[in-house]
>>> print(open('final.cif').read())   # mmCIF, C-alpha atoms
data_model
#
loop_
_atom_site.group_PDB
_atom_site.id
_atom_site.type_symbol
_atom_site.label_atom_id
_atom_site.label_comp_id
_atom_site.auth_asym_id
_atom_site.auth_seq_id
_atom_site.Cartn_x
_atom_site.Cartn_y
_atom_site.Cartn_z
ATOM 1 C CA MET A 21 105.598 119.641 88.614
ATOM 2 C CA THR A 22 103.535 117.258 86.482
ATOM 3 C CA ASP A 23 103.072 114.434 88.992
ATOM 4 C CA CYS A 24 101.784 116.706 91.774
ATOM 5 C CA SER A 25 98.026 116.330 92.097
ATOM 6 C CA PHE A 26 97.661 119.815 93.588
ATOM 7 C CA CYS A 27 99.591 121.343 90.657
ATOM 8 C CA ARG A 28 97.185 119.502 88.357
ATOM 9 C CA ILE A 29 94.238 120.917 90.330
ATOM 10 C CA VAL A 30 95.690 124.436 90.050
ATOM 11 C CA LYS A 31 95.995 123.890 86.256
ATOM 12 C CA LYS A 32 92.350 122.701 86.284
ATOM 13 C CA GLU A 33 93.275 119.253 84.987
ATOM 14 C CA ILE A 34 91.447 117.588 87.893
ATOM 15 C CA PRO A 35 87.853 118.631 88.633
ATOM 16 C CA VAL A 36 87.269 120.040 92.111
ATOM 17 C CA GLN A 37 84.860 122.390 93.860
ATOM 18 C CA ILE A 38 86.554 125.797 93.532
ATOM 19 C CA ILE A 39 85.215 128.485 95.843
ATOM 20 C CA TYR A 40 87.855 131.204 95.284
ATOM 21 C CA GLU A 41 90.781 131.996 93.021
ATOM 22 C CA ASP A 42 93.285 134.791 92.656
ATOM 23 C CA SER A 43 96.761 135.132 91.155
ATOM 24 C CA ASP A 44 98.461 133.372 94.108
ATOM 25 C CA ALA A 45 95.975 130.806 95.370
ATOM 26 C CA LEU A 46 93.139 128.467 94.560
ATOM 27 C CA ALA A 47 90.613 127.616 97.285
ATOM 28 C CA ILE A 48 88.837 124.281 96.988
ATOM 29 C CA LEU A 49 86.501 122.297 99.178
ATOM 30 C CA ASP A 50 88.385 119.415 100.799
ATOM 31 C CA ILE A 51 87.241 116.068 99.356
ATOM 32 C CA HIS A 52 87.522 114.544 102.848
ATOM 33 C CA PRO A 53 85.967 117.357 104.905
ATOM 34 C CA ARG A 54 86.245 117.403 108.691
ATOM 35 C CA ALA A 55 83.374 119.927 108.823
ATOM 36 C CA PRO A 56 80.972 121.604 106.395
ATOM 37 C CA GLY A 57 82.955 124.150 104.390
ATOM 38 C CA HIS A 58 86.370 122.588 105.129
ATOM 39 C CA THR A 59 88.507 124.326 102.531
ATOM 40 C CA MET A 60 92.079 124.046 101.323
ATOM 41 C CA ILE A 61 93.977 127.012 99.957
ATOM 42 C CA LEU A 62 96.460 125.707 97.375
ATOM 43 C CA SER A 63 99.494 127.793 96.551
ATOM 44 C CA LYS A 64 99.757 128.326 92.806
ATOM 45 C CA ILE A 65 103.524 128.075 93.234
ATOM 46 C CA HIS A 66 104.703 124.511 93.687
ATOM 47 C CA THR A 67 106.673 124.283 96.886
ATOM 48 C CA GLU A 68 106.497 121.429 99.358
ATOM 49 C CA THR A 69 106.301 123.547 102.514
ATOM 50 C CA ILE A 70 106.095 127.129 103.682
ATOM 51 C CA LEU A 71 109.902 127.234 103.901
ATOM 52 C CA GLY A 72 110.130 127.194 100.104
ATOM 53 C CA TYR A 73 107.446 129.814 99.529
ATOM 54 C CA PRO A 74 108.783 133.160 98.206
ATOM 55 C CA GLU A 75 108.894 135.665 101.048
ATOM 56 C CA LYS A 76 107.737 138.544 98.851
ATOM 57 C CA GLN A 77 104.480 136.702 98.127
ATOM 58 C CA GLY A 78 103.688 135.600 101.669
ATOM 59 C CA GLY A 79 101.425 138.575 102.276
ATOM 60 C CA ASN A 80 99.413 137.763 99.160
ATOM 61 C CA LEU A 81 98.838 134.186 100.304
ATOM 62 C CA PHE A 82 97.825 135.381 103.767
ATOM 63 C CA ASN A 83 95.351 137.809 102.184
ATOM 64 C CA SER A 84 93.845 134.920 100.193
ATOM 65 C CA ILE A 85 93.377 132.979 103.437
ATOM 66 C CA LYS A 86 91.709 136.012 105.020
ATOM 67 C CA LYS A 87 89.338 136.528 102.076
ATOM 68 C CA VAL A 88 88.288 132.876 101.928
ATOM 69 C CA THR A 89 87.753 132.749 105.686
ATOM 70 C CA ALA A 90 85.519 135.839 105.439
ATOM 71 C CA ILE A 91 83.505 134.268 102.600
ATOM 72 C CA ILE A 92 82.982 131.018 104.522
ATOM 73 C CA ASN A 93 82.143 132.975 107.678
ATOM 74 C CA GLU A 94 79.409 134.916 105.890
ATOM 75 C CA ALA A 95 78.029 131.868 104.063
ATOM 76 C CA LEU A 96 78.026 129.282 106.855
ATOM 77 C CA LYS A 97 78.066 131.384 110.047
ATOM 78 C CA PRO A 98 80.365 129.091 112.072
ATOM 79 C CA ASP A 99 81.295 129.926 115.655
ATOM 80 C CA GLY A 100 85.011 129.961 114.787
ATOM 81 C CA PHE A 101 87.741 128.467 112.595
ATOM 82 C CA THR A 102 90.792 126.288 112.895
ATOM 83 C CA ILE A 103 93.314 127.378 110.268
ATOM 84 C CA GLY A 104 96.539 125.489 109.813
ATOM 85 C CA ILE A 105 99.266 123.883 107.765
ATOM 86 C CA ASN A 106 100.423 120.281 108.008
ATOM 87 C CA HIS A 107 104.148 120.858 107.382
ATOM 88 C CA GLY A 108 105.959 117.622 106.477
ATOM 89 C CA LYS A 109 104.942 113.971 106.630
ATOM 90 C CA SER A 110 105.334 113.701 110.418
ATOM 91 C CA ALA A 111 102.789 116.517 110.765
ATOM 92 C CA GLY A 112 100.286 114.743 108.534
ATOM 93 C CA GLN A 113 101.064 116.414 105.188
ATOM 94 C CA ALA A 114 99.843 113.855 102.654
ATOM 95 C CA ILE A 115 100.573 115.829 99.476
ATOM 96 C CA GLU A 116 103.907 117.596 99.166
ATOM 97 C CA HIS A 117 102.492 120.912 97.950
ATOM 98 C CA LEU A 118 101.935 123.885 100.247
ATOM 99 C CA HIS A 119 98.306 124.127 101.251
ATOM 100 C CA ILE A 120 96.441 125.670 104.142
ATOM 101 C CA HIS A 121 93.343 124.165 105.751
ATOM 102 C CA ILE A 122 90.455 126.393 106.801
ATOM 103 C CA ILE A 123 88.089 124.361 108.955
ATOM 104 C CA PRO A 124 84.874 126.017 110.143
ATOM 105 C CA ARG A 125 84.126 125.240 113.781
ATOM 106 C CA TRP A 126 80.904 125.161 115.756
ATOM 107 C CA ASN A 127 80.380 125.030 119.475
ATOM 108 C CA ASN A 128 80.325 121.406 120.656
ATOM 109 C CA ASP A 129 81.501 120.043 117.264
ATOM 110 C CA GLY A 130 83.681 117.407 118.924
ATOM 111 C CA GLY A 131 86.966 118.909 117.763
ATOM 112 C CA SER A 132 89.752 120.458 119.751
ATOM 113 C CA SER A 133 92.145 123.344 119.400
ATOM 114 C CA ILE A 134 95.516 123.150 117.675
ATOM 115 C CA HIS A 135 96.892 122.312 121.121
ATOM 116 C CA GLY A 136 95.112 118.962 120.815
ATOM 117 C CA VAL A 137 97.121 117.915 117.754
ATOM 118 C CA VAL A 138 100.257 116.848 119.630
ATOM 119 C CA ASP A 139 101.456 116.353 123.188
ATOM 120 C CA ASN A 140 105.243 116.135 123.054
ATOM 121 C CA ARG A 141 106.396 118.316 125.892
ATOM 122 C CA SER A 142 110.044 119.243 126.225
ATOM 123 C CA ASN A 143 112.353 118.579 129.145
ATOM 124 C CA SER A 144 114.074 121.881 128.336
ATOM 125 C CA ASN A 145 112.817 125.081 129.849
ATOM 126 C CA LEU A 146 111.577 127.956 127.707
ATOM 127 C CA GLU A 147 114.786 129.976 128.087
ATOM 128 C CA GLU A 148 116.919 127.054 126.828
ATOM 129 C CA ILE A 149 114.682 126.652 123.788
ATOM 130 C CA LYS A 150 114.709 130.399 123.137
ATOM 131 C CA ASN A 151 118.523 130.418 123.234
ATOM 132 C CA LEU A 152 118.694 127.536 120.717
ATOM 133 C CA ILE A 153 116.382 129.427 118.380
ATOM 134 C CA LEU A 154 118.264 132.705 118.769
ATOM 135 C CA LYS A 155 121.586 130.992 117.931
ATOM 136 C CA VAL A 156 120.180 130.067 114.526
ATOM 137 C CA LYS A 157 118.618 133.485 114.039
ATOM 138 C CA GLN A 158 122.014 135.167 114.575
ATOM 139 C CA LYS A 159 123.731 133.183 111.789
#
>>> encode(input="final.cif", output="structure tokens")
Amino acid sequence: MTDCSFCRIVKKEIPVQIIYEDSDALAILDIHPRAPGHTMILSKIHTETILGYPEKQGGNLFNSIKKVTAIINEALKPDGFTIGINHGKSAGQAIEHLHIHIIPRWNNDGGSSIHGVVDNRSNSNLEEIKNLILKVKQK
């Protein structure tokens, strides 16, 4: 996709700070970091979200995330990480190209857990939600 800025980054048409690359992913430092070492793993396959990513390659992408996290861990020695995907505009995805954020975390850094991202509790109980999910799974 020629108008996708992340595809252009993967093709090295836009200069960025690359910290890792393999056949499935390119890891770059986020240009608007939330913490030192905030990295984005860009899929080399253009797909908007994880739902379009080829299942057979999911393990490879996960291994890239693991390797980059280990590299950042050794280099910066954070106390932990928040790793996540903003899936869709309502979740904060600004560029419609699958990418995973790796954000190093330090004790008392002012951030919160993934549980702090949203507070939209359901009126349904867990069993009702499970049954809705299992109906789809059985199709």
>>> atom_distance(input="final.cif", atom1="CA of Ala95 (chain A)", atom2="CA of Gly112 (chain A)")
28.4 Å
>>> atom_distance(input="final.cif", atom1="CA of Ser84 (chain A)", atom2="CA of Ile120 (chain A)")
10.4 Å
>>> resolve_selection(input="final.cif", expression="the PyMOL selection byres ((chain A and resi 134-149) around 12)", output="NGL selection string")
:A and (101-106 or 110-112 or 123 or 130-133 or 150-156)
>>> closest_residue(input="final.cif", among="A:Asp129, A:Glu116, A:Glu94, A:Glu33", to="Leu62 (chain A)", atoms="only C-alpha atoms")
A:Glu116
>>> resolve_selection(input="final.cif", expression="the PyMOL selection byres ((chain A and resi 47) around 6)", output="PyMOL selection string")
chain A and resi 38-40+46+48+60-61
>>> axis_aligned_box(input="final.cif", around="region 54-64 of chain A", padding_each_side="5 Å", output="JSON")
{"center_x": 90.4, "center_y": 122.9, "center_z": 100.8, "size_x": 28.8, "size_y": 20.9, "size_z": 26.0}
>>> closest_residue(input="final.cif", among="A:Thr69, A:Ala90, A:Ser43, A:Ile51", to="Gly108 (chain A)", atoms="all atoms listed in the file")
A:Thr69
>>> residues_around(input="final.cif", residues="His58 (chain A)", least_positions_apart="6", cutoff="6 Å", atoms="all atoms listed in the file", output="short mmCIF file (atom, residue, chain, number, x, y, z; two decimals) with C-alpha atoms, in the coordinates of the input")
data_model
loop_
_atom_site.label_atom_id
_atom_site.label_comp_id
_atom_site.auth_asym_id
_atom_site.auth_seq_id
_atom_site.Cartn_x
_atom_site.Cartn_y
_atom_site.Cartn_z
CA LEU A 49 86.50 122.30 99.18
CA ASP A 50 88.38 119.42 100.80
CA ILE A 122 90.46 126.39 106.80
CA ILE A 123 88.09 124.36 108.96
#
>>> atom_distance(input="final.cif", atom1="CA of Asp42 (chain A)", atom2="CA of Lys76 (chain A)")
16.2 Å
>>> resolve_selection(input="final.cif", expression="the PyMOL selection byres ((chain A and resi 68) around 10)", output="PyMOL selection string")
chain A and resi 63+65-67+69-73+107-108+113+115-119
>>> residues_around(input="final.cif", residues="Lys97 (chain A)", least_positions_apart="2", cutoff="12 Å", atoms="all atoms listed in the file", output="list in words")
Pro56, Gly57, Thr89, Ala90, Ile91, Ile92, Asn93, Glu94, Ala95, Asp99, Gly100, Phe101, Pro124, Arg125, Trp126 and Asn127 of chain A
>>> residues_around(input="final.cif", residues="Lys64 (chain A)", least_positions_apart="6", cutoff="7 Å", atoms="all atoms listed in the file", output="VMD selection string")
chain A and resid 30 44 to 46
>>> closest_residue(input="final.cif", among="A:His121, A:Lys86, A:Lys157, A:Ala55", to="Pro98 (chain A)", atoms="all atoms listed in the file")
A:Ala55
>>> build_atoms(input="final.cif", residues="region 62-82 of chain A", atoms="N, CA and C atoms", output="CSV table (one decimal), in the frame of the given file")
chain,number,residue,atom,x,y,z
A,62,LEU,N,95.3,126.3,98.1
A,62,LEU,CA,96.5,125.7,97.4
A,62,LEU,C,97.3,126.9,96.8
A,63,SER,N,98.6,126.8,97.1
A,63,SER,CA,99.5,127.8,96.6
A,63,SER,C,99.6,127.5,95.1
A,64,LYS,N,99.6,128.5,94.2
A,64,LYS,CA,99.8,128.3,92.8
A,64,LYS,C,101.2,128.1,92.5
A,65,ILE,N,102.1,128.4,93.4
A,65,ILE,CA,103.5,128.1,93.2
A,65,ILE,C,103.8,126.7,93.9
A,66,HIS,N,104.4,125.8,93.1
A,66,HIS,CA,104.7,124.5,93.7
A,66,HIS,C,105.9,124.6,94.6
A,67,THR,N,105.6,124.4,95.9
A,67,THR,CA,106.7,124.3,96.9
A,67,THR,C,106.1,123.3,97.9
A,68,GLU,N,107.0,122.5,98.4
A,68,GLU,CA,106.5,121.4,99.4
A,68,GLU,C,106.0,122.0,100.7
A,69,THR,N,106.7,123.0,101.2
A,69,THR,CA,106.3,123.5,102.5
A,69,THR,C,106.4,125.1,102.5
A,70,ILE,N,106.0,125.7,103.6
A,70,ILE,CA,106.1,127.1,103.7
A,70,ILE,C,107.5,127.7,103.6
A,71,LEU,N,108.5,126.8,103.9
A,71,LEU,CA,109.9,127.2,103.9
A,71,LEU,C,110.4,127.5,102.5
A,72,GLY,N,109.8,126.9,101.5
A,72,GLY,CA,110.1,127.2,100.1
A,72,GLY,C,109.3,128.3,99.4
A,73,TYR,N,108.3,128.8,100.1
A,73,TYR,CA,107.4,129.8,99.5
A,73,TYR,C,108.2,131.2,99.5
A,74,PRO,N,108.1,131.9,98.3
A,74,PRO,CA,108.8,133.2,98.2
A,74,PRO,C,108.3,134.2,99.2
A,75,GLU,N,109.2,134.7,100.0
A,75,GLU,CA,108.9,135.7,101.0
A,75,GLU,C,108.1,136.8,100.5
A,76,LYS,N,108.4,137.4,99.4
A,76,LYS,CA,107.7,138.5,98.9
A,76,LYS,C,106.3,138.3,98.5
A,77,GLN,N,105.9,137.0,98.4
A,77,GLN,CA,104.5,136.7,98.1
A,77,GLN,C,103.7,136.2,99.3
A,78,GLY,N,104.4,136.1,100.5
A,78,GLY,CA,103.7,135.6,101.7
A,78,GLY,C,102.5,136.4,102.1
A,79,GLY,N,102.6,137.7,101.9
A,79,GLY,CA,101.4,138.6,102.3
A,79,GLY,C,100.2,138.3,101.4
A,80,ASN,N,100.5,138.0,100.1
A,80,ASN,CA,99.4,137.8,99.2
A,80,ASN,C,98.7,136.5,99.5
A,81,LEU,N,99.5,135.4,99.9
A,81,LEU,CA,98.8,134.2,100.3
A,81,LEU,C,98.0,134.4,101.6
A,82,PHE,N,98.6,135.1,102.5
A,82,PHE,CA,97.8,135.4,103.8
A,82,PHE,C,96.5,136.1,103.5
